[in-house]
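File shown: model08.json. Contents: JSON, C-alpha atoms and all ligand atoms.
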[["chain", "number", "residue", "atom", "x", "y", "z"],
["A", 1354, "MET", "CA", -4.16, -16.88, 3.42],
["A", 1355, "SER", "CA", -3.81, -19.62, 0.95],
["A", 1356, "GLU", "CA", -6.41, -19.81, -1.78],
["A", 1357, "GLN", "CA", -5.94, -16.32, -1.89],
["A", 1358, "ARG", "CA", -7.06, -12.77, -1.91],
["A", 1359, "VAL", "CA", -5.55, -11.97, -5.26],
["A", 1360, "PRO", "CA", -4.74, -15.34, -6.82],
["A", 1361, "ALA", "CA", -2.69, -15.11, -9.98],
["A", 1362, "GLU", "CA", -3.32, -11.39, -9.98],
["A", 1363, "THR", "CA", -0.69, -10.26, -7.55],
["A", 1364, "ASP", "CA", 2.30, -8.19, -8.43],
["A", 1365, "PRO", "CA", 5.08, -10.14, -10.03],
["A", 1366, "GLY", "CA", 8.23, -10.76, -8.08],
["A", 1367, "ARG", "CA", 10.84, -8.29, -9.19],
["A", 1368, "GLY", "CA", 14.60, -8.22, -9.12],
["A", 1369, "GLY", "CA", 14.90, -11.64, -7.53],
["A", 1370, "LEU", "CA", 13.10, -10.48, -4.41],
["A", 1371, "ASP", "CA", 10.01, -12.34, -3.28],
["A", 1372, "LEU", "CA", 7.57, -9.45, -3.56],
["A", 1373, "ARG", "CA", 4.56, -11.37, -4.85],
["A", 1374, "ALA", "CA", 1.99, -12.64, -2.40],
["A", 1375, "ASP", "CA", 2.39, -16.38, -1.99],
["A", 1376, "CYS", "CA", -0.68, -17.27, 0.02],
["A", 1377, "ALA", "CA", 0.14, -20.96, 0.05],
["A", 1378, "ASN", "CA", 3.13, -20.13, 2.24],
["A", 1379, "CYS", "CA", 1.34, -17.66, 4.49],
["A", 1380, "PHE", "CA", -0.68, -18.40, 7.62],
["A", 1381, "ALA", "CA", -3.57, -16.25, 6.37],
["A", 1382, "LEU", "CA", -2.24, -13.26, 8.24],
["A", 1383, "CYS", "CA", -4.35, -10.71, 6.36],
["A", 1384, "CYS", "CA", -7.51, -12.76, 7.02],
["A", 1385, "VAL", "CA", -6.93, -12.33, 10.74],
["A", 1386, "ALA", "CA", -4.78, -9.30, 11.42],
["A", 1387, "LEU", "CA", -6.86, -6.75, 9.54],
["A", 1388, "ALA", "CA", -10.19, -5.28, 10.59],
["A", 1389, "PHE", "CA", -13.12, -5.18, 8.17],
["A", 1390, "THR", "CA", -16.07, -2.84, 8.15],
["A", 1391, "ALA", "CA", -19.26, -4.10, 6.52],
["A", 1392, "SER", "CA", -19.44, -2.18, 3.27],
["A", 1393, "ALA", "CA", -19.34, -2.65, -0.47],
["A", 1394, "ASP", "CA", -15.95, -4.32, 0.08],
["A", 1395, "PHE", "CA", -16.79, -6.68, 2.94],
["A", 1396, "ALA", "CA", -19.97, -8.51, 3.74],
["A", 1397, "VAL", "CA", -19.45, -8.35, 7.51],
["A", 1398, "ASP", "CA", -17.64, -6.48, 10.27],
["A", 1399, "LYS", "CA", -14.55, -8.09, 11.69],
["A", 1400, "ASP", "CA", -12.19, -6.88, 14.42],
["A", 1401, "ALA", "CA", -8.44, -6.91, 13.94],
["A", 1402, "GLY", "CA", -6.98, -10.11, 15.33],
["A", 1403, "GLN", "CA", -10.21, -12.06, 14.85],
["A", 1404, "PRO", "CA", -10.08, -14.77, 12.17],
["A", 1405, "CYS", "CA", -12.48, -14.20, 9.28],
["A", 1406, "GLY", "CA", -15.48, -16.51, 9.48],
["A", 1407, "ASN", "CA", -14.61, -17.90, 6.05],
["A", 1408, "LEU", "CA", -11.12, -18.96, 7.06],
["A", 1409, "LEU", "CA", -10.66, -22.72, 7.08],
["A", 1410, "PRO", "CA", -8.52, -24.59, 9.62],
["A", 1411, "ASP", "CA", -5.82, -25.12, 7.02],
["A", 1412, "PHE", "CA", -5.58, -21.37, 6.35],
["A", 1413, "ARG", "CA", -7.45, -21.54, 3.05],
["A", 1414, "CYS", "CA", -10.41, -19.33, 2.22],
["A", 1415, "GLY", "CA", -13.76, -21.11, 2.16],
["A", 1416, "VAL", "CA", -15.21, -18.70, -0.42],
["A", 1417, "HIS", "CA", -12.11, -18.19, -2.50],
["A", 1418, "ALA", "CA", -13.82, -18.92, -5.81],
["A", 1419, "ARG", "CA", -16.77, -16.65, -4.97],
["A", 1420, "LEU", "CA", -15.20, -13.67, -3.23],
["A", 1421, "ARG", "CA", -16.89, -10.97, -5.30],
["A", 1422, "PRO", "CA", -20.38, -12.50, -5.41],
["A", 1423, "GLU", "CA", -20.16, -13.26, -1.68],
["A", 1424, "GLY", "CA", -19.45, -9.58, -0.97],
["A", 1425, "TYR", "CA", -15.72, -9.79, -0.29],
["A", 1426, "GLN", "CA", -14.44, -7.61, -3.11],
["A", 1427, "GLY", "CA", -12.02, -6.02, -0.66],
["A", 1428, "CYS", "CA", -10.18, -9.33, -0.40],
["A", 1429, "THR", "CA", -9.48, -9.27, -4.13],
["A", 1430, "VAL", "CA", -7.75, -5.90, -4.04],
["A", 1431, "TYR", "CA", -5.41, -6.46, -1.12],
["A", 1432, "ASP", "CA", -1.80, -7.32, -1.82],
["A", 1433, "CYS", "CA", 0.78, -7.86, 0.92],
["A", 1434, "PHE", "CA", 3.65, -7.71, -1.60],
["A", 1435, "GLY", "CA", 4.99, -10.95, -0.14],
["A", 1436, "ALA", "CA", 5.05, -9.74, 3.47],
["A", 1437, "GLY", "CA", 2.80, -12.59, 4.59],
["A", 1438, "GLN", "CA", 5.06, -15.40, 3.53],
["A", 1439, "ARG", "CA", 8.16, -13.63, 4.82],
["A", 1440, "ILE", "CA", 6.65, -13.32, 8.28],
["A", 1441, "SER", "CA", 5.26, -16.86, 8.19],
["A", 1442, "GLN", "CA", 8.22, -18.70, 6.73],
["A", 1443, "VAL", "CA", 11.24, -16.54, 7.56],
["A", 1444, "THR", "CA", 10.55, -14.40, 10.61],
["A", 1445, "TYR", "CA", 8.68, -17.25, 12.36],
["A", 1446, "ALA", "CA", 10.41, -20.08, 10.51],
["A", 1447, "GLY", "CA", 7.18, -21.80, 9.51],
["A", 1448, "GLN", "CA", 5.54, -21.86, 12.94],
["A", 1449, "ASP", "CA", 1.91, -20.84, 12.58],
["A", 1450, "TRP", "CA", -0.21, -18.87, 15.03],
["A", 1451, "ARG", "CA", -2.73, -21.65, 15.58],
["A", 1452, "SER", "CA", -0.14, -24.09, 16.88],
["A", 1453, "ALA", "CA", 1.78, -21.36, 18.72],
["A", 1454, "PRO", "CA", -0.95, -18.93, 19.84],
["A", 1455, "GLN", "CA", 1.47, -17.00, 22.02],
["A", 1456, "THR", "CA", 3.03, -15.65, 18.82],
["A", 1457, "ALA", "CA", -0.24, -14.55, 17.24],
["A", 1458, "ARG", "CA", -0.47, -11.00, 18.52],
["A", 1459, "GLN", "CA", 3.08, -10.13, 17.52],
["A", 1460, "MET", "CA", 2.80, -11.92, 14.17],
["A", 1461, "PHE", "CA", -0.32, -9.95, 13.28],
["A", 1462, "ALA", "CA", 1.28, -6.68, 14.41],
["A", 1463, "LEU", "CA", 4.14, -7.31, 12.02],
["A", 1464, "LEU", "CA", 1.98, -7.57, 8.92],
["A", 1465, "PRO", "CA", 1.30, -3.86, 8.27],
["A", 1466, "VAL", "CA", 4.91, -2.97, 9.02],
["A", 1467, "VAL", "CA", 6.53, -5.60, 6.81],
["A", 1468, "ARG", "CA", 3.95, -4.93, 4.13],
["A", 1469, "GLN", "CA", 5.08, -1.32, 4.00],
["A", 1470, "LEU", "CA", 8.71, -2.39, 3.74],
["A", 1471, "HIS", "CA", 7.87, -4.79, 0.93],
["A", 1472, "GLU", "CA", 5.87, -2.13, -0.85],
["A", 1473, "LEU", "CA", 8.95, 0.10, -0.78],
["A", 1474, "LEU", "CA", 11.07, -2.76, -2.09],
["A", 1475, "ARG", "CA", 8.58, -3.28, -4.89],
["A", 1476, "TYR", "CA", 8.76, 0.36, -6.01],
["A", 1477, "LEU", "CA", 12.54, 0.48, -5.68],
["A", 1478, "THR", "CA", 12.99, -2.61, -7.82],
["A", 1479, "GLU", "CA", 10.68, -1.15, -10.46],
["A", 1480, "ALA", "CA", 12.59, 2.14, -10.38],
["A", 1481, "LEU", "CA", 15.78, 0.18, -11.08],
["A", 1482, "GLU", "CA", 14.17, -1.09, -14.30],
["A", 1483, "LEU", "CA", 13.53, 2.42, -15.59],
["A", 1484, "GLU", "CA", 16.33, 3.46, -17.87],
["A", 1485, "PRO", "CA", 15.84, 7.24, -17.54],
["A", 1486, "ALA", "CA", 16.41, 6.82, -13.80],
["A", 1487, "ARG", "CA", 19.91, 5.46, -14.39],
["A", 1488, "PRO", "CA", 21.58, 8.47, -12.70],
["A", 1489, "LEU", "CA", 19.78, 7.40, -9.52],
["A", 1490, "HIS", "CA", 20.44, 3.70, -9.73],
["A", 1491, "ALA", "CA", 23.27, 3.68, -7.18],
["A", 1492, "ASP", "CA", 21.07, 5.49, -4.66],
["A", 1493, "LEU", "CA", 18.12, 3.25, -5.46],
["A", 1494, "ARG", "CA", 20.22, 0.12, -4.98],
["A", 1495, "GLY", "CA", 21.51, 1.48, -1.65],
["A", 1496, "ALA", "CA", 17.97, 2.09, -0.44],
["A", 1497, "LEU", "CA", 16.90, -1.34, -1.62],
["A", 1498, "THR", "CA", 19.67, -2.97, 0.39],
["A", 1499, "ARG", "CA", 18.84, -0.96, 3.50],
["A", 1500, "ILE", "CA", 15.13, -1.71, 3.39],
["A", 1501, "GLU", "CA", 15.73, -5.40, 2.73],
["A", 1502, "ARG", "CA", 18.01, -5.56, 5.80],
["A", 1503, "LEU", "CA", 15.30, -3.92, 7.89],
["A", 1504, "ALA", "CA", 12.77, -6.52, 6.73],
["A", 1505, "GLN", "CA", 15.15, -9.27, 7.83],
["A", 1506, "GLY", "CA", 15.13, -8.05, 11.43],
["A", 1507, "SER", "CA", 13.69, -9.79, 14.46],
["A", 1508, "PRO", "CA", 10.05, -9.10, 15.35],
["A", 1509, "ASP", "CA", 11.08, -6.65, 18.07],
["A", 1510, "GLU", "CA", 13.45, -4.85, 15.74],
["A", 1511, "ILE", "CA", 10.83, -4.56, 13.01],
["A", 1512, "LEU", "CA", 8.15, -3.32, 15.39],
["A", 1513, "ALA", "CA", 10.52, -0.64, 16.70],
["A", 1514, "LEU", "CA", 11.15, 0.80, 13.23],
["A", 1515, "ASP", "CA", 10.21, 4.34, 12.31],
["A", 1516, "VAL", "CA", 8.60, 3.22, 9.07],
["A", 1517, "ALA", "CA", 7.35, 6.70, 8.21],
["A", 1518, "ALA", "CA", 10.93, 7.96, 8.16],
["A", 1519, "HIS", "CA", 12.03, 5.16, 5.88],
["A", 1520, "ARG", "CA", 9.07, 5.77, 3.60],
["A", 1521, "GLN", "CA", 10.01, 9.43, 3.38],
["A", 1522, "GLU", "CA", 13.60, 8.59, 2.52],
["A", 1523, "VAL", "CA", 12.51, 6.26, -0.27],
["A", 1524, "ASN", "CA", 9.84, 8.62, -1.48],
["A", 1525, "VAL", "CA", 12.44, 11.27, -2.24],
["A", 1526, "LEU", "CA", 14.15, 8.82, -4.58],
["A", 1527, "LEU", "CA", 10.89, 7.73, -6.17],
["A", 1528, "LEU", "CA", 9.91, 11.35, -6.81],
["A", 1529, "ARG", "CA", 13.23, 12.02, -8.54],
["A", 1530, "THR", "CA", 12.79, 8.82, -10.52],
["A", 1531, "SER", "CA", 9.35, 9.93, -11.62],
["A", 1532, "GLU", "CA", 10.61, 13.35, -12.71],
["A", 1533, "LEU", "CA", 13.37, 11.82, -14.81],
["A", 1534, "VAL", "CA", 11.09, 9.30, -16.48],
["A", 1535, "ARG", "CA", 8.28, 11.73, -17.23],
["A", 1536, "ALA", "CA", 10.61, 14.52, -18.33],
["A", 1537, "GLY", "CA", 12.06, 12.20, -20.91],
["A", 1538, "ALA", "CA", 8.63, 11.13, -22.04],
["A", 1539, "LEU", "CA", 7.33, 14.66, -22.34],
["A", 1540, "GLY", "CA", 10.28, 15.68, -24.44],
["A", 1541, "ALA", "CA", 11.64, 18.27, -22.02],
["A", 1542, "ALA", "CA", 14.96, 17.93, -23.76],
["A", 1543, "GLY", "CA", 13.61, 17.73, -27.25],
["A", 1544, "GLY", "CA", 11.96, 14.59, -26.52],
["A", 1545, "ALA", "CA", 12.74, 11.17, -27.67],
["A", 1546, "ALA", "CA", 12.58, 9.10, -24.53],
["A", 1547, "GLY", "CA", 8.79, 8.88, -24.56],
["A", 1548, "ARG", "CA", 7.12, 5.58, -24.36],
["A", 1549, "GLY", "CA", 10.44, 3.83, -24.32],
["A", 1550, "ALA", "CA", 11.15, 4.85, -20.76],
["A", 1551, "ARG", "CA", 11.27, 1.26, -19.69],
["A", 1552, "ALA", "CA", 14.29, -0.74, -20.74],
["A", 1553, "GLY", "CA", 15.76, 2.18, -22.67],
["A", 1554, "LYS", "CA", 13.68, 1.72, -25.80],
["A", 1555, "GLY", "CA", 13.46, 5.14, -27.40],
["A", 1556, "ARG", "CA", 10.05, 5.30, -28.97],
["A", 1557, "GLY", "CA", 9.70, 9.03, -29.15],
["A", 1558, "ALA", "CA", 6.89, 11.14, -27.83],
["A", 1559, "GLY", "CA", 7.62, 14.77, -28.54],
["A", 1560, "ARG", "CA", 6.30, 17.60, -26.41],
["A", 1561, "ARG", "CA", 3.00, 16.78, -24.70],
["A", 1562, "GLY", "CA", 2.24, 19.80, -22.51],
["A", 1563, "GLY", "CA", 4.04, 18.81, -19.31],
["A", 1564, "ALA", "CA", 2.77, 21.77, -17.31],
["A", 1565, "LYS", "CA", -0.78, 20.42, -17.59],
["A", 1566, "LYS", "CA", 0.18, 16.95, -16.49],
["A", 1567, "ASN", "CA", 0.70, 17.57, -12.79],
["A", 1568, "ARG", "CA", -2.37, 16.01, -11.18],
["A", 1569, "ARG", "CA", -0.59, 14.87, -8.02],
["A", 1570, "GLY", "CA", -3.08, 14.21, -5.26],
["A", 1571, "ALA", "CA", -5.85, 15.74, -7.36],
["A", 1572, "ASP", "CA", -9.48, 15.13, -6.48],
["A", 1573, "LEU", "CA", -10.69, 13.52, -9.69],
["A", 1574, "ILE", "CA", -13.41, 11.43, -8.11],
["A", 1575, "GLY", "CA", -16.00, 10.65, -10.76],
["A", 1576, "ALA", "CA", -14.25, 12.92, -13.26],
["A", 1577, "ASN", "CA", -14.98, 12.67, -16.94],
["A", 1578, "LEU", "CA", -11.54, 11.90, -18.34],
["A", 1579, "LYS", "CA", -12.76, 9.90, -21.28],
["A", 1580, "GLY", "CA", -10.08, 9.98, -23.97],
["A", 1581, "ALA", "CA", -7.93, 12.35, -21.87],
["A", 1582, "ASP", "CA", -4.31, 12.93, -22.78],
["A", 1583, "LEU", "CA", -2.56, 11.92, -19.57],
["A", 1584, "TYR", "CA", 0.62, 10.81, -21.29],
["A", 1585, "GLY", "CA", 3.50, 11.27, -18.86],
["A", 1586, "ALA", "CA", 1.17, 12.69, -16.21],
["A", 1587, "ASP", "CA", 1.95, 12.87, -12.53],
["A", 1588, "LEU", "CA", -1.02, 11.15, -10.93],
["A", 1589, "ARG", "CA", 0.70, 10.33, -7.64],
["A", 1590, "GLY", "CA", -1.96, 9.82, -5.01],
["A", 1591, "ALA", "CA", -4.70, 11.17, -7.26],
["A", 1592, "TYR", "CA", -8.25, 10.30, -6.28],
["A", 1593, "LEU", "CA", -9.67, 8.70, -9.40],
["A", 1594, "ILE", "CA", -12.45, 6.76, -7.72],
["A", 1595, "GLY", "CA", -15.20, 6.10, -10.26],
["A", 1596, "ALA", "CA", -13.50, 8.28, -12.86],
["A", 1597, "ASP", "CA", -14.32, 7.72, -16.51],
["A", 1598, "LEU", "CA", -10.92, 7.00, -18.04],
["A", 1599, "ARG", "CA", -12.22, 5.11, -21.03],
["A", 1600, "GLY", "CA", -9.80, 5.44, -23.92],
["A", 1601, "ALA", "CA", -7.47, 7.71, -21.92],
["A", 1602, "ASP", "CA", -3.79, 7.86, -22.75],
["A", 1603, "LEU", "CA", -2.00, 6.97, -19.51],
["A", 1604, "ARG", "CA", 1.27, 5.89, -21.03],
["A", 1605, "VAL", "CA", 4.32, 6.80, -18.94],
["A", 1606, "ALA", "CA", 2.04, 8.17, -16.22],
["A", 1607, "ASP", "CA", 3.20, 7.90, -12.61],
["A", 1608, "LEU", "CA", 0.33, 6.15, -10.84],
["A", 1609, "ILE", "CA", 1.87, 5.53, -7.46],
["A", 1610, "GLY", "CA", -0.83, 5.46, -4.82],
["A", 1611, "ALA", "CA", -3.54, 6.61, -7.24],
["A", 1612, "ASP", "CA", -6.94, 5.45, -6.04],
["A", 1613, "LEU", "CA", -8.48, 3.68, -9.03],
["A", 1614, "ARG", "CA", -11.40, 2.05, -7.28],
["A", 1615, "ASP", "CA", -14.19, 1.59, -9.82],
["A", 1616, "ALA", "CA", -12.40, 3.85, -12.30],
["A", 1617, "ASP", "CA", -13.27, 2.73, -15.83],
["A", 1618, "LEU", "CA", -10.10, 1.95, -17.75],
["A", 1619, "SER", "CA", -11.84, 0.31, -20.70],
["A", 1620, "GLY", "CA", -9.81, 0.96, -23.81],
["A", 1621, "ALA", "CA", -7.30, 3.08, -21.88],
["A", 1622, "ASP", "CA", -3.62, 2.71, -22.62],
["A", 1623, "LEU", "CA", -1.49, 2.15, -19.52],
["A", 1624, "THR", "CA", 1.47, 0.63, -21.30],
["A", 1625, "GLY", "CA", 4.64, 2.16, -19.94],
["A", 1626, "SER", "CA", 2.85, 3.61, -16.91],
["A", 1627, "PHE", "CA", 4.86, 3.05, -13.77],
["A", 1628, "PHE", "CA", 4.49, 2.46, -10.04],
["A", 1629, "LEU", "CA", 1.11, 0.91, -10.83],
["A", 1630, "THR", "CA", 0.32, -2.17, -8.74],
["A", 1631, "GLN", "CA", -1.83, -5.16, -9.44],
["A", 1632, "ALA", "CA", -4.05, -4.27, -6.48],
["A", 1633, "GLN", "CA", -4.81, -0.89, -8.07],
["A", 1634, "LEU", "CA", -5.76, -2.60, -11.30],
["A", 1635, "ASN", "CA", -7.88, -5.17, -9.49],
["A", 1636, "ALA", "CA", -9.89, -2.37, -7.92],
["A", 1637, "ALA", "CA", -10.63, -0.75, -11.29],
["A", 1638, "LYS", "CA", -12.81, -1.67, -14.23],
["A", 1639, "GLY", "CA", -11.41, -2.42, -17.63],
["A", 1640, "ASP", "CA", -11.74, -4.60, -20.67],
["A", 1641, "ALA", "CA", -9.79, -6.55, -23.23],
["A", 1642, "GLY", "CA", -8.84, -3.28, -24.90],
["A", 1643, "THR", "CA", -7.06, -1.86, -21.85],
["A", 1644, "GLY", "CA", -3.34, -1.66, -22.50],
["A", 1645, "LEU", "CA", -1.33, -2.83, -19.49],
["A", 1646, "PRO", "CA", 2.30, -2.69, -18.42],
["A", 1647, "PRO", "CA", 3.78, -6.10, -19.29],
["A", 1648, "ALA", "CA", 4.49, -7.00, -15.66],
["A", 1649, "LEU", "CA", 0.82, -6.78, -14.66],
["A", 1650, "THR", "CA", -2.05, -9.17, -15.31],
["A", 1651, "ARG", "CA", -5.50, -8.40, -16.68],
["A", 1652, "PRO", "CA", -7.89, -8.89, -13.73],
["A", 1653, "SER", "CA", -10.18, -11.87, -14.19],
["A", 1654, "HIS", "CA", -13.34, -9.80, -13.54],
["A", 1655, "TRP", "CA", -12.68, -7.44, -16.49],
["B", 1701, "LIG", "S1", -13.23, -13.95, 2.79],
["B", 1701, "LIG", "FE1", -12.08, -14.13, 4.71],
["B", 1701, "LIG", "S2", -10.88, -16.00, 4.49],
["B", 1701, "LIG", "FE2", -11.56, -15.39, 2.43],
["B", 1701, "LIG", "S3", -9.89, -14.14, 1.62],
["B", 1701, "LIG", "FE3", -11.33, -12.74, 2.56],
["B", 1701, "LIG", "S4", -10.57, -12.48, 4.67],
["B", 1701, "LIG", "FE4", -9.57, -14.30, 3.84]]

The structure in this file should be written as structure tokens.
Ligand code: SF4
Amino acid sequence: MSEQRVPAETDPGRGGLDLRADCANCFALCCVALAFTASADFAVDKDAGQPCGNLLPDFRCGVHARLRPEGYQGCTVYDCFGAGQRISQVTYAGQDWRSAPQTARQMFALLPVVRQLHELLRYLTEALELEPARPLHADLRGALTRIERLAQGSPDEILALDVAAHRQEVNVLLLRTSELVRAGALGAAGGAAGRGARAGKGRGAGRRGGAKKNRRGADLIGANLKGADLYGADLRGAYLIGADLRGADLRVADLIGADLRDADLSGADLTGSFFLTQAQLNAAKGDAGTGLPPALTRPSHW
């Protein structure tokens, strides 16, 4: 949609790839293709394929400036990673689903698939910025090229993809990337990589108890982690919904897929954390004292 779900708070484009949602060049695919369930995130139910009642004829959102107060918080935490404009402007060459309704069903079906491909591209490009992952850079670049080619396919080709298999292939690389980055930060080799994981800046961390930092997939819903030392932690897929992370040290933590909905990051330090997306941040709470990775933006509701 234009006038957007996550205006000015989407992930930045990385590595020259267009991985940031550009709603002005999208035919509001997420406002139509996705189903909503009335909840704290959405004010109403909506079936997949049915245009949202707030969608204007020109593909802008009629409540864009009031999404949260109108009960559409879920719209502010969705990021297509640029899949919407690729489908709209590249795959369908600028032909929208209103003027060519025979394309609508296929166009909407493409969104979740291309979004997954773009999400992988986003993580791969970030991994290529992590100096400790340099031994993997050739493999990461190869994967990036392969996934980008897949995203350039025809609609039929894209819909026939085994996306789960491609995700698994990339995930292996991202796991190895994470291990290299965090091992350096935790001083496994005597430890100087630390906070300087990104861009090769050695800032030195020393040993920080790596064995206690594996919280992958952990159920930390509502946990009291105020002031916790999570430096270099593996928080992949951790459930941190509503967790109290005020003042926590999350530097060089792997946050890929961590569920941060309503987690309180006030005063927490996330500088140097990696695989953290803008949508994750948008779903959390925080304040002016929250330290962020430089590529991400402080959500406007903090
Ligand atoms: S309220 Fe509807 S039109 Fe507005 S951003 Fe959300 S889904 Fe799109």

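The two atoms in question, atom CA of A:Cys1383 and atom CA of A:Ile1574, are spaced 28.0 Å apart.
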
### Among the residues A:Asp1400, A:Glu1423, A:Asp1615, A:Asp1371, the one that comes closest to ligand LIG 1701 (chain B) [using only C-alpha atoms and all ligand atoms]
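Result for the nearest residue to ligand LIG 1701 (chain B): A:Glu1423.
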
### Query
From the set A:Cys1428, A:Leu1539, A:Cys1379, A:Val1397, which residue has the shortest atom-to-atom contact distance to ligand LIG 1701 (chain B), counting all atoms listed in the file?
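Ranked by minimum distance to ligand LIG 1701 (chain B), first place goes to A:Cys1428.
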
### Message
Just want the 10 Å neighbourhood of A:Arg1589, counted on all atoms listed in the file, with same-chain residues fewer than 4 positions away dropped. Output as a count of residues only.
### Response
16

### Message
Nearest residue to A:Glu1479 out of A:Gly1639, A:Pro1508, A:Gly1625, A:Gly1644, using only C-alpha atoms?
### Response
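Of A:Gly1639, A:Pro1508, A:Gly1625, A:Gly1644, the one nearest A:Glu1479, counting only C-alpha atoms, is A:Gly1625.
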
### Distance query A:Asp1582 at most 9 Å, all atoms listed in the file, self and fewer than 3 positions along chain excluded, as a PyMOL selection string
chain A and resi 1561+1566+1578+1585-1586+1601-1603

Take the selection from the previous step and output its residues with C-alpha atoms, as a PDB file, in the coordinates of the input.
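Just written: part22.pdb:
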ATOM      1  CA  ARG A1561       3.000  16.780 -24.700  1.00  0.00           C
ATOM      2  CA  LYS A1566       0.180  16.950 -16.490  1.00  0.00           C
ATOM      3  CA  LEU A1578     -11.540  11.900 -18.340  1.00  0.00           C
ATOM      4  CA  GLY A1585       3.500  11.270 -18.860  1.00  0.00           C
ATOM      5  CA  ALA A1586       1.170  12.690 -16.210  1.00  0.00           C
ATOM      6  CA  ALA A1601      -7.470   7.710 -21.920  1.00  0.00           C
ATOM      7  CA  ASP A1602      -3.790   7.860 -22.750  1.00  0.00           C
ATOM      8  CA  LEU A1603      -2.000   6.970 -19.510  1.00  0.00           C
TER       9      LEU A1603
END

First collect every listed atom of ligand LIG 1701 (chain B); then fit an axis-aligned box around them, widen it by 4 Å on each side, and give centre and edge lengths in Å to one decimal, as lines of an AutoDock Vina configuration file.
center_x = -11.4
center_y = -14.2
center_z = 3.2
size_x = 11.7
size_y = 11.5
size_z = 11.1

### Contacts of A:Leu1598 within 8 Å, all atoms listed in the file, excl. fewer than 2 positions in-chain, as a list in words
Asn1577, Leu1578, Lys1579, Gly1580, Ala1581, Ala1596, Gly1600, Ala1601, Ala1616, Asp1617, Leu1618, Ser1619 and Ala1621 of chain A
